[in-house]
$ cat run.txt   # compact mmCIF, C-alpha atoms
# COMPACT_ATOMS: atom_id res chain seq x y z
CA MET A 1 98.83 187.29 58.79
CA LYS A 2 98.79 183.95 60.54
CA ARG A 3 95.00 184.16 60.75
CA PHE A 4 94.84 184.87 56.99
CA HIS A 5 96.95 181.83 56.19
CA ALA A 6 94.89 179.70 58.56
CA ALA A 7 91.63 180.86 56.99
CA PHE A 8 93.04 180.28 53.49
CA LEU A 9 94.15 176.76 54.36
CA PHE A 10 90.76 176.06 55.93
CA LEU A 11 88.98 177.12 52.75
CA ILE A 12 91.28 175.04 50.54
CA CYS A 13 90.97 171.95 52.73
CA GLY A 14 87.23 172.38 52.90
CA ALA A 15 86.96 172.61 49.14
CA LEU A 16 89.05 169.46 48.70
CA ALA A 17 86.95 167.61 51.27
CA CYS A 18 83.79 168.54 49.42
CA GLN A 19 85.07 167.03 46.22
CA GLN A 20 83.53 163.60 45.83
CA LYS A 21 85.73 160.73 44.84
CA PRO A 22 84.88 159.40 41.40
CA THR A 23 82.36 156.57 41.60
CA PRO A 24 83.88 153.35 40.23
CA LYS A 25 82.38 152.46 36.91
CA ALA A 26 79.90 149.62 37.23
CA LEU A 27 80.96 146.57 35.26
CA THR A 28 78.72 145.32 32.50
CA ASP A 29 77.42 141.79 32.73
CA ALA A 30 79.97 140.66 30.14
CA GLU A 31 82.76 142.32 32.13
CA LEU A 32 81.57 140.62 35.33
CA ARG A 33 81.65 137.27 33.54
CA GLU A 34 85.16 137.98 32.29
CA LYS A 35 86.33 138.99 35.77
CA ALA A 36 84.75 135.89 37.33
CA ASN A 37 86.61 133.65 34.91
CA LYS A 38 89.85 135.53 35.59
CA LEU A 39 89.48 135.18 39.38
CA ALA A 40 88.62 131.48 39.05
CA HIS A 41 92.02 130.92 37.51
CA GLU A 42 93.94 133.47 39.57
CA PHE A 43 92.84 132.16 42.98
CA ILE A 44 93.37 128.65 44.30
CA ILE A 45 89.96 126.95 44.38
CA VAL A 46 89.59 124.20 46.97
CA ASP A 47 86.55 121.91 47.01
CA THR A 48 86.47 119.80 50.15
CA HIS A 49 84.33 116.95 48.82
CA VAL A 50 84.45 115.34 45.37
CA ASP A 51 83.40 111.69 45.06
CA VAL A 52 85.53 110.73 42.06
CA PRO A 53 87.10 107.56 43.55
CA TYR A 54 83.81 105.90 44.46
CA ARG A 55 82.26 106.94 41.13
CA LEU A 56 85.14 105.29 39.26
CA GLY A 57 84.87 102.24 41.50
CA GLU A 58 81.36 101.82 40.11
CA LYS A 59 82.25 102.62 36.49
CA MET A 60 85.84 103.30 35.40
CA ALA A 61 86.60 106.26 33.14
CA ASP A 62 89.67 108.16 31.96
CA ILE A 63 89.44 111.39 33.96
CA SER A 64 92.51 112.81 32.22
CA GLN A 65 90.09 113.40 29.33
CA ARG A 66 86.61 114.88 29.06
CA THR A 67 84.30 112.11 30.31
CA PRO A 68 80.72 111.69 29.08
CA ASP A 69 79.47 110.94 32.59
CA GLY A 70 80.10 112.35 36.03
CA ASP A 71 80.83 115.86 37.26
CA PHE A 72 84.65 115.84 37.36
CA ASP A 73 87.52 115.32 34.95
CA TYR A 74 90.78 117.13 34.22
CA VAL A 75 89.46 119.06 31.23
CA ARG A 76 86.45 120.48 33.05
CA ALA A 77 88.41 121.12 36.24
CA LYS A 78 90.93 123.20 34.32
CA ALA A 79 88.14 125.07 32.53
CA GLY A 80 86.50 125.89 35.87
CA GLY A 81 89.70 126.75 37.71
CA LEU A 82 89.40 123.95 40.29
CA ASP A 83 92.85 123.43 41.79
CA ALA A 84 92.48 121.24 44.88
CA PRO A 85 89.48 118.89 44.97
CA PHE A 86 89.58 116.71 48.07
CA MET A 87 89.16 113.18 46.78
CA SER A 88 86.53 111.51 48.97
CA ILE A 89 87.63 108.11 50.21
CA TYR A 90 84.04 107.04 50.77
CA VAL A 91 83.31 103.80 52.62
CA PRO A 92 79.59 102.88 52.82
CA ALA A 93 78.10 102.37 56.26
CA GLU A 94 77.47 98.64 55.81
CA TYR A 95 81.24 97.99 55.97
CA GLU A 96 81.06 98.74 59.70
CA GLU A 97 79.34 95.40 60.28
CA LYS A 98 80.41 93.24 57.35
CA GLY A 99 84.10 94.15 57.59
CA GLY A 100 86.59 95.17 54.92
CA ALA A 101 86.35 98.93 55.57
CA ARG A 102 90.09 99.50 55.83
CA LYS A 103 90.75 97.40 52.73
CA LEU A 104 88.24 99.38 50.66
CA ALA A 105 89.70 102.69 51.88
CA ASP A 106 93.19 101.53 50.94
CA ASN A 107 91.98 100.46 47.49
CA LEU A 108 90.46 103.89 46.87
CA ILE A 109 93.65 105.62 48.05
CA ASP A 110 95.56 103.38 45.62
CA MET A 111 93.29 104.68 42.88
CA VAL A 112 94.05 108.31 43.70
CA GLU A 113 97.77 107.59 43.79
CA LYS A 114 97.40 105.97 40.37
CA PHE A 115 95.95 109.22 38.98
CA GLN A 116 99.27 110.85 39.86
CA LYS A 117 101.31 107.94 38.50
CA ASP A 118 99.39 107.74 35.21
CA TRP A 119 99.13 111.50 34.59
CA PRO A 120 102.00 113.22 36.45
CA ASP A 121 101.68 116.29 34.22
CA LYS A 122 98.08 116.76 35.38
CA PHE A 123 97.56 115.51 38.95
CA ALA A 124 99.60 115.36 42.17
CA VAL A 125 98.61 113.96 45.56
CA ALA A 126 98.73 116.74 48.18
CA LYS A 127 99.43 116.04 51.85
CA SER A 128 99.96 119.59 53.13
CA VAL A 129 99.07 123.21 52.54
CA ALA A 130 102.58 123.68 51.13
CA ASP A 131 101.93 120.89 48.60
CA VAL A 132 98.74 122.59 47.37
CA GLN A 133 100.48 125.94 46.96
CA ALA A 134 103.54 124.48 45.21
CA GLN A 135 101.44 122.32 42.88
CA PHE A 136 99.21 125.30 42.00
CA ALA A 137 102.35 127.22 41.02
CA ARG A 138 103.31 124.32 38.72
CA GLY A 139 99.88 124.22 37.08
CA LEU A 140 98.96 120.81 38.54
CA ILE A 141 95.63 119.83 40.05
CA SER A 142 96.26 118.85 43.66
CA LEU A 143 94.52 115.77 45.02
CA PRO A 144 94.30 115.98 48.81
CA MET A 145 92.22 113.20 50.36
CA GLY A 146 89.47 113.07 52.96
CA MET A 147 87.97 109.84 54.27
CA GLU A 148 84.17 109.83 54.39
CA ASN A 149 83.16 107.56 57.29
CA GLY A 150 85.45 106.54 60.14
CA SER A 151 84.66 102.83 59.82
CA PRO A 152 88.09 102.05 58.25
CA VAL A 153 89.71 103.01 61.58
CA GLU A 154 88.34 99.65 62.78
CA GLY A 155 88.81 100.46 66.45
CA LYS A 156 92.59 100.90 66.26
CA LEU A 157 94.39 104.21 66.69
CA GLU A 158 97.30 102.79 64.71
CA ASN A 159 94.96 102.77 61.70
CA LEU A 160 94.67 106.55 62.05
CA ARG A 161 98.45 106.72 61.81
CA HIS A 162 98.32 104.41 58.79
CA PHE A 163 95.82 106.61 56.98
CA TYR A 164 97.68 109.79 57.86
CA ALA A 165 100.82 108.29 56.30
CA ARG A 166 98.79 107.47 53.20
CA GLY A 167 97.64 111.07 52.84
CA ILE A 168 94.24 111.27 54.54
CA ARG A 169 93.86 114.84 55.80
CA TYR A 170 90.31 114.84 57.08
CA ILE A 171 87.98 112.14 58.34
CA THR A 172 84.18 112.39 58.39
CA LEU A 173 83.56 110.58 61.67
CA ALA A 174 80.41 108.71 60.55
CA HIS A 175 78.24 108.40 57.45
CA SER A 176 74.63 107.21 57.18
CA LYS A 177 74.74 104.92 60.22
CA SER A 178 76.21 105.27 63.68
CA ASN A 179 79.56 103.50 63.90
CA HIS A 180 82.14 102.69 66.57
CA ILE A 181 83.27 106.33 66.64
CA SER A 182 80.10 108.42 66.71
CA ASP A 183 76.41 108.75 66.01
CA SER A 184 75.14 109.74 62.56
CA SER A 185 72.59 112.45 61.78
CA TYR A 186 70.76 109.97 59.54
CA ASP A 187 70.51 107.18 62.12
CA PRO A 188 67.63 107.34 64.66
CA ASN A 189 69.58 104.87 66.81
CA ARG A 190 71.75 107.16 68.93
CA ARG A 191 74.05 104.46 70.20
CA TRP A 192 76.48 106.80 71.97
CA ASN A 193 74.55 110.06 72.39
CA GLY A 194 77.45 111.64 70.53
CA LEU A 195 80.98 110.25 70.52
CA SER A 196 81.83 106.77 71.76
CA PRO A 197 84.60 106.46 74.37
CA PHE A 198 86.87 105.35 71.53
CA GLY A 199 85.63 108.28 69.44
CA LYS A 200 86.97 110.69 72.05
CA GLN A 201 90.37 109.04 71.68
CA VAL A 202 90.03 109.39 67.90
CA VAL A 203 89.46 113.16 68.22
CA ALA A 204 92.60 113.51 70.35
CA GLU A 205 94.71 111.38 68.00
CA MET A 206 93.48 113.23 64.91
CA ASN A 207 94.54 116.47 66.59
CA ARG A 208 97.93 114.97 67.41
CA LEU A 209 98.51 113.67 63.89
CA GLY A 210 97.20 116.70 62.00
CA ILE A 211 94.03 115.23 60.48
CA MET A 212 91.12 117.67 60.21
CA ILE A 213 87.95 116.51 61.98
CA ASP A 214 84.92 116.64 59.69
CA ILE A 215 81.53 116.93 61.37
CA SER A 216 79.39 116.56 58.24
CA HIS A 217 76.99 113.61 58.66
CA VAL A 218 77.30 113.40 62.44
CA SER A 219 74.54 114.01 65.01
CA ASP A 220 74.20 117.37 66.75
CA SER A 221 75.40 115.85 70.03
CA THR A 222 78.51 114.54 68.30
CA PHE A 223 79.17 117.97 66.84
CA TYR A 224 79.07 119.74 70.20
CA GLN A 225 81.25 117.11 71.85
CA VAL A 226 83.84 117.46 69.08
CA ILE A 227 83.81 121.25 69.45
CA ARG A 228 84.45 120.91 73.19
CA LEU A 229 87.22 118.33 72.82
CA SER A 230 89.15 119.36 69.72
CA GLN A 231 92.33 121.36 70.22
CA ALA A 232 92.25 122.52 66.59
CA PRO A 233 89.58 124.02 64.30
CA VAL A 234 87.17 121.55 62.67
CA ILE A 235 85.34 121.58 59.35
CA ALA A 236 82.06 120.58 57.83
CA SER A 237 83.29 119.27 54.48
CA HIS A 238 79.94 119.15 52.66
CA SER A 239 77.00 120.54 54.62
CA SER A 240 74.60 123.43 54.10
CA CYS A 241 72.39 125.59 56.33
CA ARG A 242 69.47 124.09 58.27
CA ARG A 243 67.78 127.49 58.11
CA PHE A 244 66.66 126.49 54.60
CA THR A 245 65.83 122.86 55.47
CA PRO A 246 64.11 123.09 58.88
CA GLY A 247 64.43 120.03 61.07
CA TRP A 248 66.91 118.23 58.80
CA GLU A 249 69.84 117.31 61.02
CA ARG A 250 72.20 116.64 58.12
CA ASN A 251 72.55 120.40 57.61
CA MET A 252 73.87 122.76 60.32
CA ASP A 253 71.64 125.06 62.34
CA ASP A 254 72.51 128.67 63.18
CA ASP A 255 73.88 127.93 66.66
CA MET A 256 76.13 125.21 65.26
CA ILE A 257 77.47 127.52 62.55
CA LYS A 258 78.26 130.15 65.19
CA ALA A 259 79.96 127.55 67.39
CA LEU A 260 81.96 126.28 64.41
CA ALA A 261 83.11 129.83 63.67
CA LYS A 262 84.06 130.45 67.30
CA ASN A 263 86.16 127.29 67.07
CA GLY A 264 87.86 128.82 64.00
CA GLY A 265 86.34 126.29 61.59
CA VAL A 266 84.62 126.44 58.22
CA ILE A 267 81.34 125.11 56.78
CA HIS A 268 81.67 124.10 53.14
CA ILE A 269 78.36 124.42 51.32
CA ASN A 270 77.00 121.28 49.65
CA PHE A 271 75.70 121.91 46.11
CA GLY A 272 73.07 119.14 46.05
CA SER A 273 69.58 120.53 45.45
CA SER A 274 68.11 118.73 48.46
CA PHE A 275 70.71 120.42 50.71
CA LEU A 276 69.69 123.82 49.37
CA SER A 277 65.89 123.65 49.11
CA ASP A 278 63.47 122.02 51.52
CA SER A 279 60.74 121.47 48.93
CA ILE A 280 63.19 119.59 46.70
CA ARG A 281 64.54 117.65 49.69
CA LEU A 282 61.05 116.41 50.57
CA ALA A 283 60.32 115.47 46.96
CA GLU A 284 63.62 113.60 46.70
CA GLU A 285 62.86 111.67 49.88
CA LYS A 286 59.93 110.15 47.97
CA MET A 287 62.25 109.32 45.08
CA TRP A 288 64.71 107.55 47.39
CA GLN A 289 61.85 105.64 48.97
CA PHE A 290 60.89 104.52 45.46
CA VAL A 291 64.50 103.46 44.83
CA GLN A 292 64.60 101.48 48.07
CA ASN A 293 61.20 99.84 47.59
CA ASN A 294 62.13 98.71 44.08
CA LYS A 295 65.68 97.65 45.03
CA ILE A 296 67.20 99.94 42.40
CA ASN A 297 70.95 100.46 42.22
CA PRO A 298 71.19 104.27 41.94
CA ASN A 299 74.74 104.05 40.58
CA SER A 300 73.89 101.80 37.64
CA ASP A 301 72.88 103.17 34.24
CA ALA A 302 69.46 101.55 34.59
CA GLY A 303 69.09 102.98 38.08
CA LYS A 304 70.00 106.47 36.93
CA ALA A 305 67.48 106.21 34.09
CA ALA A 306 64.75 105.07 36.50
CA MET A 307 65.48 107.95 38.85
CA GLN A 308 65.48 110.46 36.02
CA LYS A 309 62.11 109.10 34.88
CA PHE A 310 60.78 109.46 38.43
CA ARG A 311 62.06 113.06 38.59
CA ILE A 312 60.31 113.98 35.34
CA GLU A 313 57.04 112.23 36.15
CA ASN A 314 56.90 113.77 39.62
CA LYS A 315 58.12 117.17 38.44
CA ILE A 316 61.05 117.28 40.85
CA GLY A 317 62.99 120.35 39.83
CA TYR A 318 66.42 121.62 40.73
CA ALA A 319 67.71 124.32 43.00
CA ASP A 320 69.40 127.30 41.34
CA ILE A 321 72.95 128.55 41.69
CA SER A 322 71.45 131.55 43.51
CA ASP A 323 70.40 129.16 46.29
CA ILE A 324 74.07 128.37 46.96
CA ILE A 325 74.71 132.11 47.26
CA ALA A 326 71.79 132.36 49.72
CA HIS A 327 73.45 129.73 51.93
CA ILE A 328 76.81 131.51 51.70
CA ASP A 329 75.15 134.83 52.54
CA HIS A 330 73.48 133.24 55.56
CA VAL A 331 76.78 131.95 56.94
CA VAL A 332 78.46 135.31 56.32
CA LYS A 333 75.70 137.16 58.19
CA LEU A 334 75.88 134.71 61.10
CA ALA A 335 79.62 134.18 61.41
CA GLY A 336 81.54 136.27 58.88
CA VAL A 337 83.17 135.59 55.55
CA ASP A 338 86.08 133.73 57.18
CA HIS A 339 83.96 130.67 57.91
CA VAL A 340 82.45 129.48 54.62
CA GLY A 341 83.75 127.58 51.60
CA PHE A 342 82.83 125.11 48.83
CA GLY A 343 82.06 121.44 49.51
CA SER A 344 80.20 120.52 46.34
CA ASP A 345 79.66 116.77 46.69
CA PHE A 346 80.30 116.54 42.94
CA ASP A 347 79.97 112.92 41.77
CA GLY A 348 78.20 112.19 45.06
CA VAL A 349 74.75 113.76 44.71
CA GLY A 350 73.82 112.28 41.34
CA ASP A 351 71.49 114.25 39.10
CA THR A 352 70.57 116.82 41.75
CA LEU A 353 72.99 119.66 41.04
CA PRO A 354 71.50 123.14 40.73
CA THR A 355 70.85 125.04 37.53
CA GLY A 356 74.00 126.91 36.58
CA LEU A 357 76.38 124.61 38.43
CA LYS A 358 76.32 121.17 36.85
CA SER A 359 80.02 120.29 36.90
CA VAL A 360 83.45 121.43 38.01
CA ALA A 361 83.62 123.56 34.86
CA ASP A 362 81.06 125.95 36.35
CA TYR A 363 82.99 127.57 39.22
CA PRO A 364 83.23 130.85 37.25
CA ASN A 365 79.42 130.97 37.35
CA LEU A 366 79.56 130.79 41.14
CA ILE A 367 82.18 133.53 41.36
CA TYR A 368 80.11 135.66 38.96
CA GLU A 369 77.13 135.36 41.33
CA LEU A 370 79.33 136.35 44.29
CA LEU A 371 80.56 139.40 42.39
CA LYS A 372 76.98 140.37 41.55
CA LYS A 373 76.14 140.22 45.25
CA GLY A 374 78.95 142.64 46.04
CA TYR A 375 81.57 140.29 47.47
CA SER A 376 85.06 141.74 47.19
CA ASP A 377 87.95 139.99 45.48
CA GLU A 378 89.45 139.26 48.91
CA ASP A 379 86.14 137.83 50.18
CA ILE A 380 86.01 135.55 47.16
CA ARG A 381 89.60 134.43 47.65
CA LYS A 382 88.74 133.43 51.23
CA ILE A 383 85.66 131.50 50.14
CA CYS A 384 87.52 129.79 47.28
CA SER A 385 90.38 128.52 49.42
CA GLY A 386 91.74 130.97 51.96
CA ASN A 387 89.47 129.82 54.76
CA LEU A 388 90.16 126.11 54.33
CA LEU A 389 93.91 126.64 53.92
CA ARG A 390 93.89 128.69 57.13
CA VAL A 391 92.16 125.86 59.04
CA TRP A 392 94.45 123.22 57.55
CA THR A 393 97.47 125.31 58.56
CA LYS A 394 96.11 125.65 62.12
CA VAL A 395 95.61 121.88 62.27
CA GLU A 396 99.18 121.30 61.07
CA GLN A 397 100.50 123.74 63.69
CA ALA A 398 98.42 122.18 66.49
CA ALA A 399 99.80 118.75 65.58
CA GLN A 400 103.38 120.04 65.74
CA GLN A 401 102.74 121.52 69.19
CA LEU A 402 101.04 118.39 70.52
CA GLN A 403 103.83 116.17 69.24
CA ALA A 404 106.44 118.46 70.75
CA ASN A 405 104.64 118.53 74.10
CA PRO A 406 103.02 115.09 74.57
CA GLY A 407 100.73 114.52 77.51

$ encode --input "run.txt" --output "structure tokens"
Amino acid sequence: MKRFHAAFLFLICGALACQQKPTPKALTDAELREKANKLAHEFIIVDTHVDVPYRLGEKMADISQRTPDGDFDYVRAKAGGLDAPFMSIYVPAEYEEKGGARKLADNLIDMVEKFQKDWPDKFAVAKSVADVQAQFARGLISLPMGMENGSPVEGKLENLRHFYARGIRYITLAHSKSNHISDSSYDPNRRWNGLSPFGKQVVAEMNRLGIMIDISHVSDSTFYQVIRLSQAPVIASHSSCRRFTPGWERNMDDDMIKALAKNGGVIHINFGSSFLSDSIRLAEEKMWQFVQNNKINPNSDAGKAAMQKFRIENKIGYADISDIIAHIDHVVKLAGVDHVGFGSDFDGVGDTLPTGLKSVADYPNLIYELLKKGYSDEDIRKICSGNLLRVWTKVEQAAQQLQANPG
């Protein structure tokens, strides 16, 4: 009898095991678009590099309204689901020598604070992960700040403390020229072969304060020294993959991406066409040489018109949104989905944004492409913000520990 029951149960279990689970119904293209838009507004979207302050320093506009120029304003950010764009406090490299770097940085921070003061129902400065989460719950666009170029530190660690108090939560150590902190990927003059002696102190103090270290723009030697020295994860706020732009040090190579991931950090993909496609990068180098030779101001209306004319005459095209996905895919294959995010460089790369992603309104297009590639909702949440918020939290925690246990 026991054998009969056992045989019966075996047959039943076998039959159930043979039943295939129903295959989930594939979404139509329209349904994928609808889901992408839903996720864009359901998840927090963080973009670690948006150059609004410097853009408005060149030409003021009311970003609480839809602006005719630029890539960012409140209306388009809300349409695209962008919740926490890091405002880039960008200080050009020439301020290292001519002076006034700290003053310019403070002026740009004043501008961001004024966004909050003028439009408190729309924007709020964010100085912590908790701020971003609370402001998202209130429907506000958070404005965390990152300083692009360490020149405003001006050789004084107390200036790091000053900028932390003002809300700076990452610092890109150098920009287009080597400075008193580190070497730049763009500068053939490798003054320090990585970090300066003072730069090593800067890394330690940024860890202690809770400022994320940004290795976009720095030389490879600087990157590896930062990775060895930092007691907290680091970020690349707006870099892409060198695999697609061979030999271009501004992007990160495969070994660097793996080292960044081992450190717990995140690379945030830059949306500029030249960061995504080598053929476009080489063509744009000729355009920038033309700009330099003719002493054109690329930020002026006349300069923009001249550059657009050059692009048309020389048939310089644009990357496609699918190229951004290719860079994300590459990072995921190398290091996993926990180590990639968005670092658009909106308002910083001029008229070089890829087809399908021309402003902050277009994040749903990016999420749609990720869904098409088979990324899960959880993967997309990580890429949109989860990865950066994890790193920021780790940096906050490391700072608390270092302050509690000095020396």

$ closest_residue --input "run.txt" --among "A:Lys373, A:Lys117, A:Arg381, A:Lys358" --to "Asp71 in chain A" --atoms "all atoms listed in the file"
A:Lys358

$ residues_around --input "run.txt" --residues "range 180-190 of chain A" --least-positions-apart "4" --cutoff "9 Å" --atoms "only C-alpha atoms" --output "list in words"
Glu96, Gly150, Ser151, Val153, Glu154, Gly155, Leu173, Ala174, His175, Ser176, Gly194, Leu195, Ser196, Pro197, Phe198, Gly199, Lys200, Val202, Ser216, His217, Val218, Ser219, Asp220, Ser221, Thr222, Trp248, Glu249, Arg250 and Asn251 of chain A

$ closest_residue --input "run.txt" --among "A:Asn294, A:Thr172, A:Ser178, A:Gln401" --to "His238 in chain A" --atoms "all atoms listed in the file"
A:Thr172

$ atom_distance --input "run.txt" --atom1 "CA of Val46 in chain A" --atom2 "CA of Ala84 in chain A"
4.6 Å

$ residues_around --input "run.txt" --residues "Leu389 in chain A" --least-positions-apart "5" --cutoff "12 Å" --atoms "only C-alpha atoms" --output "PDB file with C-alpha atoms, keeping the file's coordinate frame"
ATOM      1  CA  ILE A  44      93.370 128.650  44.300  1.00  0.00           C
ATOM      2  CA  ILE A  45      89.960 126.950  44.380  1.00  0.00           C
ATOM      3  CA  VAL A  46      89.590 124.200  46.970  1.00  0.00           C
ATOM      4  CA  ASP A  47      86.550 121.910  47.010  1.00  0.00           C
ATOM      5  CA  THR A  48      86.470 119.800  50.150  1.00  0.00           C
ATOM      6  CA  ALA A  84      92.480 121.240  44.880  1.00  0.00           C
ATOM      7  CA  SER A 128      99.960 119.590  53.130  1.00  0.00           C
ATOM      8  CA  VAL A 129      99.070 123.210  52.540  1.00  0.00           C
ATOM      9  CA  ALA A 130     102.580 123.680  51.130  1.00  0.00           C
ATOM     10  CA  ASP A 131     101.930 120.890  48.600  1.00  0.00           C
ATOM     11  CA  VAL A 132      98.740 122.590  47.370  1.00  0.00           C
ATOM     12  CA  GLN A 133     100.480 125.940  46.960  1.00  0.00           C
ATOM     13  CA  PRO A 144      94.300 115.980  48.810  1.00  0.00           C
ATOM     14  CA  ARG A 169      93.860 114.840  55.800  1.00  0.00           C
ATOM     15  CA  MET A 212      91.120 117.670  60.210  1.00  0.00           C
ATOM     16  CA  PRO A 233      89.580 124.020  64.300  1.00  0.00           C
ATOM     17  CA  ILE A 235      85.340 121.580  59.350  1.00  0.00           C
ATOM     18  CA  GLY A 264      87.860 128.820  64.000  1.00  0.00           C
ATOM     19  CA  GLY A 265      86.340 126.290  61.590  1.00  0.00           C
ATOM     20  CA  VAL A 266      84.620 126.440  58.220  1.00  0.00           C
ATOM     21  CA  ASP A 338      86.080 133.730  57.180  1.00  0.00           C
ATOM     22  CA  HIS A 339      83.960 130.670  57.910  1.00  0.00           C
ATOM     23  CA  VAL A 340      82.450 129.480  54.620  1.00  0.00           C
ATOM     24  CA  GLY A 341      83.750 127.580  51.600  1.00  0.00           C
ATOM     25  CA  ARG A 381      89.600 134.430  47.650  1.00  0.00           C
ATOM     26  CA  LYS A 382      88.740 133.430  51.230  1.00  0.00           C
ATOM     27  CA  ILE A 383      85.660 131.500  50.140  1.00  0.00           C
ATOM     28  CA  CYS A 384      87.520 129.790  47.280  1.00  0.00           C
ATOM     29  CA  LYS A 394      96.110 125.650  62.120  1.00  0.00           C
ATOM     30  CA  VAL A 395      95.610 121.880  62.270  1.00  0.00           C
ATOM     31  CA  GLU A 396      99.180 121.300  61.070  1.00  0.00           C
TER      32      GLU A 396
END
